[in-house]
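Worksheet for the structure shown next.
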Amino acid sequence: MVKTSRNIPLSRGIGLYGRSKMFKRSGKWKFVNKGGPKKAAVEAPKELKTRFYPADDVKKPLPSRKNKHKPTKLKATITPGTVLIILAGRFRGKRVVFLKQLESGLLLVSGPFKINGVPLRRVNQAYVIGTSTKVDVSSVKVPEHVNDAYFARVSSDAQDGEEALFAQGAAPKINEEWLAKRKADQKEVDTALLKAVKAVPLLKQYLNAKFSLTNGQAPHEMKF
C-alpha cells in the first residue's frame, strides 16, 4: 500500500496546509503529554569556580551598618565613678570622673569643673585611660534630659540687615538661655560630685594634676 500525504500538494515541496494545520488534521494532538515515562528536567550547568579573577568587574553591594545599631560595649575597667585620663582633644591630659554611658556609646564625664575646668562633656572611650582610682558616685544624680541631643549647640537668632553685615567673620553668638541651662545642670551635678571627691584624701589634688610623660617612661608598663 502506497503511503500518501494528507496534505494537498500545490507544487513540488509546497502543500496547501501548513505544519500546525496538518498537526491538527492528523489527530496527533490527542496523544501529546498523555502516558509514557516523563523526561527528567534538564538541570542548568553548575558554574565552575576558577582560580583566576573575573575579566570584568563584578559589582557587589557594600556592607552597610545603617540599620544595625548595636550598643557599644563598655570596657570592663570603666565603671561609674572611675577616674579617666583624657588622651585627645581640648582637655587632653586632664583627669575626669566617669558618670554614665550615653545611648551613642560615648562616655559622660565631669572634672568636676571647679577642680580642673572640665565641664559635663562626652568622650569616646577609645581616647581615655581607665585608672584604678574610683569615686563613690551613688549620690550623684544626672538629670534625665542630659543625653546626646543635650550637647547640640543652639545658636542665637539670625541677624538681618546691617547687623548681619558687621557680624561677618565674628564668632557666632551663643544662646543665653541654653548657656544658663548648661550652667545650672553643671552646678547640680558638681555639687554632689564635689562632696564625694572631698571624702577621699588627696583626690582633689590628684584630679587637678595634669597627666604627662617624660623621656624613658613606658606607658604600657605603667599601672594607672
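Ordering of the C-alpha cells sets the chain letters (A, B, ...); residue numbers start at 1 within each chain; ligands are numbered from 1 in the order shown.
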
Please list as a PDB file with N, CA, C and O atoms, in the first residue's frame every residue within 12 Å of stretch 139-142 of chain A, counting only C-alpha atoms and excluding residues in the same chain fewer than 5 positions away.
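The result, stored in part22.pdb:
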ATOM      1  N   PRO A  80      30.922  53.365  86.605  1.00  0.00           N
ATOM      2  CA  PRO A  80      30.565  54.685  87.162  1.00  0.00           C
ATOM      3  C   PRO A  80      31.418  55.047  88.379  1.00  0.00           C
ATOM      4  O   PRO A  80      31.503  54.288  89.339  1.00  0.00           O
ATOM      5  N   GLY A  81      32.059  56.198  88.310  1.00  0.00           N
ATOM      6  CA  GLY A  81      32.942  56.645  89.379  1.00  0.00           C
ATOM      7  C   GLY A  81      34.413  56.452  89.084  1.00  0.00           C
ATOM      8  O   GLY A  81      35.266  56.920  89.856  1.00  0.00           O
ATOM      9  N   VAL A  97      35.976  62.310  86.028  1.00  0.00           N
ATOM     10  CA  VAL A  97      35.203  61.251  86.676  1.00  0.00           C
ATOM     11  C   VAL A  97      34.121  60.780  85.711  1.00  0.00           C
ATOM     12  O   VAL A  97      33.365  61.602  85.171  1.00  0.00           O
ATOM     13  N   PHE A  98      34.063  59.479  85.500  1.00  0.00           N
ATOM     14  CA  PHE A  98      33.065  58.901  84.602  1.00  0.00           C
ATOM     15  C   PHE A  98      31.739  58.771  85.337  1.00  0.00           C
ATOM     16  O   PHE A  98      31.666  58.238  86.443  1.00  0.00           O
ATOM     17  N   LEU A  99      30.649  59.265  84.695  1.00  0.00           N
ATOM     18  CA  LEU A  99      29.323  59.240  85.315  1.00  0.00           C
ATOM     19  C   LEU A  99      28.432  58.139  84.744  1.00  0.00           C
ATOM     20  O   LEU A  99      27.889  57.325  85.473  1.00  0.00           O
ATOM     21  N   LYS A 100      28.263  58.116  83.412  1.00  0.00           N
ATOM     22  CA  LYS A 100      27.446  57.081  82.788  1.00  0.00           C
ATOM     23  C   LYS A 100      27.736  57.030  81.298  1.00  0.00           C
ATOM     24  O   LYS A 100      28.415  57.901  80.745  1.00  0.00           O
ATOM     25  N   GLN A 101      27.218  55.986  80.639  1.00  0.00           N
ATOM     26  CA  GLN A 101      27.369  55.842  79.191  1.00  0.00           C
ATOM     27  C   GLN A 101      26.068  56.251  78.518  1.00  0.00           C
ATOM     28  O   GLN A 101      24.983  55.837  78.926  1.00  0.00           O
ATOM     29  N   LEU A 102      26.184  57.066  77.471  1.00  0.00           N
ATOM     30  CA  LEU A 102      25.015  57.535  76.738  1.00  0.00           C
ATOM     31  C   LEU A 102      24.598  56.520  75.684  1.00  0.00           C
ATOM     32  O   LEU A 102      25.292  55.532  75.430  1.00  0.00           O
ATOM     33  N   LEU A 108      29.862  59.967  79.449  1.00  0.00           N
ATOM     34  CA  LEU A 108      29.556  61.252  80.072  1.00  0.00           C
ATOM     35  C   LEU A 108      30.484  61.430  81.265  1.00  0.00           C
ATOM     36  O   LEU A 108      30.478  60.616  82.191  1.00  0.00           O
ATOM     37  N   VAL A 109      31.303  62.490  81.232  1.00  0.00           N
ATOM     38  CA  VAL A 109      32.300  62.721  82.281  1.00  0.00           C
ATOM     39  C   VAL A 109      32.171  64.155  82.789  1.00  0.00           C
ATOM     40  O   VAL A 109      31.570  65.011  82.155  1.00  0.00           O
ATOM     41  N   SER A 110      32.782  64.371  83.957  1.00  0.00           N
ATOM     42  CA  SER A 110      32.866  65.709  84.527  1.00  0.00           C
ATOM     43  C   SER A 110      34.151  65.808  85.320  1.00  0.00           C
ATOM     44  O   SER A 110      34.620  64.816  85.884  1.00  0.00           O
ATOM     45  N   PRO A 112      35.456  67.427  88.391  1.00  0.00           N
ATOM     46  CA  PRO A 112      34.433  68.464  88.244  1.00  0.00           C
ATOM     47  C   PRO A 112      35.010  69.797  87.741  1.00  0.00           C
ATOM     48  O   PRO A 112      36.209  70.020  87.823  1.00  0.00           O
ATOM     49  N   LEU A 120      30.699  69.122  82.044  1.00  0.00           N
ATOM     50  CA  LEU A 120      29.984  67.934  81.563  1.00  0.00           C
ATOM     51  C   LEU A 120      30.194  67.819  80.061  1.00  0.00           C
ATOM     52  O   LEU A 120      29.866  68.735  79.308  1.00  0.00           O
ATOM     53  N   ASN A 147      21.384  63.978  77.587  1.00  0.00           N
ATOM     54  CA  ASN A 147      21.613  62.895  76.636  1.00  0.00           C
ATOM     55  C   ASN A 147      22.434  63.432  75.469  1.00  0.00           C
ATOM     56  O   ASN A 147      23.028  64.509  75.559  1.00  0.00           O
ATOM     57  N   ASP A 185      22.750  72.849  85.163  1.00  0.00           N
ATOM     58  CA  ASP A 185      22.959  71.399  85.219  1.00  0.00           C
ATOM     59  C   ASP A 185      24.361  71.062  85.720  1.00  0.00           C
ATOM     60  O   ASP A 185      24.550  70.101  86.471  1.00  0.00           O
ATOM     61  N   GLN A 186      25.350  71.845  85.299  1.00  0.00           N
ATOM     62  CA  GLN A 186      26.721  71.623  85.755  1.00  0.00           C
ATOM     63  C   GLN A 186      26.821  71.801  87.268  1.00  0.00           C
ATOM     64  O   GLN A 186      27.464  71.007  87.965  1.00  0.00           O
ATOM     65  N   LYS A 187      26.182  72.819  87.788  1.00  0.00           N
ATOM     66  CA  LYS A 187      26.221  73.083  89.224  1.00  0.00           C
ATOM     67  C   LYS A 187      25.512  71.992  90.001  1.00  0.00           C
ATOM     68  O   LYS A 187      25.977  71.568  91.078  1.00  0.00           O
ATOM     69  N   GLU A 188      24.403  71.487  89.455  1.00  0.00           N
ATOM     70  CA  GLU A 188      23.648  70.434  90.133  1.00  0.00           C
ATOM     71  C   GLU A 188      24.461  69.151  90.248  1.00  0.00           C
ATOM     72  O   GLU A 188      24.481  68.492  91.294  1.00  0.00           O
ATOM     73  N   VAL A 189      25.143  68.777  89.162  1.00  0.00           N
ATOM     74  CA  VAL A 189      25.931  67.537  89.166  1.00  0.00           C
ATOM     75  C   VAL A 189      27.183  67.697  90.012  1.00  0.00           C
ATOM     76  O   VAL A 189      27.535  66.816  90.815  1.00  0.00           O
ATOM     77  N   ASP A 190      27.883  68.822  89.864  1.00  0.00           N
ATOM     78  CA  ASP A 190      29.153  69.007  90.567  1.00  0.00           C
ATOM     79  C   ASP A 190      28.972  69.191  92.065  1.00  0.00           C
ATOM     80  O   ASP A 190      29.887  68.887  92.837  1.00  0.00           O
ATOM     81  N   THR A 191      27.815  69.672  92.518  1.00  0.00           N
ATOM     82  CA  THR A 191      27.592  69.844  93.956  1.00  0.00           C
ATOM     83  C   THR A 191      27.690  68.505  94.682  1.00  0.00           C
ATOM     84  O   THR A 191      28.358  68.391  95.728  1.00  0.00           O
ATOM     85  N   ALA A 192      27.033  67.493  94.127  1.00  0.00           N
ATOM     86  CA  ALA A 192      27.095  66.157  94.736  1.00  0.00           C
ATOM     87  C   ALA A 192      28.435  65.491  94.459  1.00  0.00           C
ATOM     88  O   ALA A 192      28.952  64.749  95.300  1.00  0.00           O
ATOM     89  N   LEU A 193      29.017  65.758  93.279  1.00  0.00           N
ATOM     90  CA  LEU A 193      30.287  65.118  92.935  1.00  0.00           C
ATOM     91  C   LEU A 193      31.434  65.659  93.782  1.00  0.00           C
ATOM     92  O   LEU A 193      32.340  64.909  94.176  1.00  0.00           O
ATOM     93  N   LEU A 194      31.422  66.934  94.092  1.00  0.00           N
ATOM     94  CA  LEU A 194      32.477  67.522  94.921  1.00  0.00           C
ATOM     95  C   LEU A 194      32.469  66.947  96.335  1.00  0.00           C
ATOM     96  O   LEU A 194      33.535  66.746  96.932  1.00  0.00           O
ATOM     97  N   LYS A 195      31.284  66.656  96.857  1.00  0.00           N
ATOM     98  CA  LYS A 195      31.204  66.047  98.179  1.00  0.00           C
ATOM     99  C   LYS A 195      31.850  64.665  98.172  1.00  0.00           C
ATOM    100  O   LYS A 195      32.546  64.291  99.133  1.00  0.00           O
ATOM    101  N   ALA A 196      31.616  63.907  97.094  1.00  0.00           N
ATOM    102  CA  ALA A 196      32.209  62.569  97.002  1.00  0.00           C
ATOM    103  C   ALA A 196      33.723  62.649  96.831  1.00  0.00           C
ATOM    104  O   ALA A 196      34.459  61.806  97.358  1.00  0.00           O
ATOM    105  N   VAL A 197      34.205  63.666  96.104  1.00  0.00           N
ATOM    106  CA  VAL A 197      35.645  63.822  95.893  1.00  0.00           C
ATOM    107  C   VAL A 197      36.345  64.221  97.186  1.00  0.00           C
ATOM    108  O   VAL A 197      37.419  63.709  97.533  1.00  0.00           O
TER     109      VAL A 197
END

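Of the listed residues (A:Glu176, A:Asp136, A:Glu144, A:Glu221), A:Asp136 comes nearest to A:Ala199; the distances count only C-alpha atoms.
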
Considering only C-alpha atoms, return as a PyMOL selection string whatever protein or nucleic-acid residues lie within 6 Å of A:Thr131, sequence-local ones (same chain, fewer than 5 positions apart) excluded.
-> chain A and resi 83-84+224

Write out the residues from the selection above, keeping C-alpha atoms, as a short mmCIF file (atom, residue, chain, number, x, y, z; two decimals), in the first residue's frame.
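So the final result, stored in again21.cif, reads:
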data_model
loop_
_atom_site.label_atom_id
_atom_site.label_comp_id
_atom_site.auth_asym_id
_atom_site.auth_seq_id
_atom_site.Cartn_x
_atom_site.Cartn_y
_atom_site.Cartn_z
CA VAL A 83 38.74 58.33 87.17
CA LEU A 84 39.71 58.56 83.49
CA PHE A 224 47.25 53.61 86.32
#

Selection near A:Lys181, 12 Å with only C-alpha atoms, sequence-local residues under 6 positions removed, as a tab-separated table (two decimals) with N, CA and C atoms, in the first residue's frame:
chain	number	residue	atom	x	y	z
A	143	PRO	N	20.71	64.50	85.59
A	143	PRO	CA	19.36	64.75	85.05
A	143	PRO	C	19.07	63.88	83.83
A	145	HIS	N	17.42	64.59	81.20
A	145	HIS	CA	17.48	65.27	79.91
A	145	HIS	C	18.92	65.44	79.41
A	146	VAL	N	19.90	65.00	80.20
A	146	VAL	CA	21.30	65.07	79.74
A	146	VAL	C	21.57	63.83	78.89
A	150	TYR	N	21.37	66.74	74.12
A	150	TYR	CA	21.61	67.84	75.06
A	150	TYR	C	22.87	68.63	74.68
A	151	PHE	N	23.83	67.98	74.03
A	151	PHE	CA	25.10	68.61	73.72
A	151	PHE	C	25.12	69.30	72.35
A	154	VAL	N	23.12	75.37	70.43
A	154	VAL	CA	21.99	76.18	69.95
A	154	VAL	C	22.48	77.61	69.79
A	175	ASN	N	23.34	81.09	72.44
A	175	ASN	CA	22.04	81.32	73.04
A	175	ASN	C	22.18	81.40	74.56
A	187	LYS	N	26.18	72.82	87.79
A	187	LYS	CA	26.22	73.08	89.22
A	187	LYS	C	25.51	71.99	90.00
A	188	GLU	N	24.40	71.49	89.46
A	188	GLU	CA	23.65	70.43	90.13
A	188	GLU	C	24.46	69.15	90.25

Enumerate the residues of stretch 10-203 of chain A with a DSSP assignment of helix (DSSP H, G or I), computed from the backbone, and present them as number ranges by chain.
-> A: 19-26, 28-31, 113-116, 125-127, 149-151, 162-166, 176-198, 203
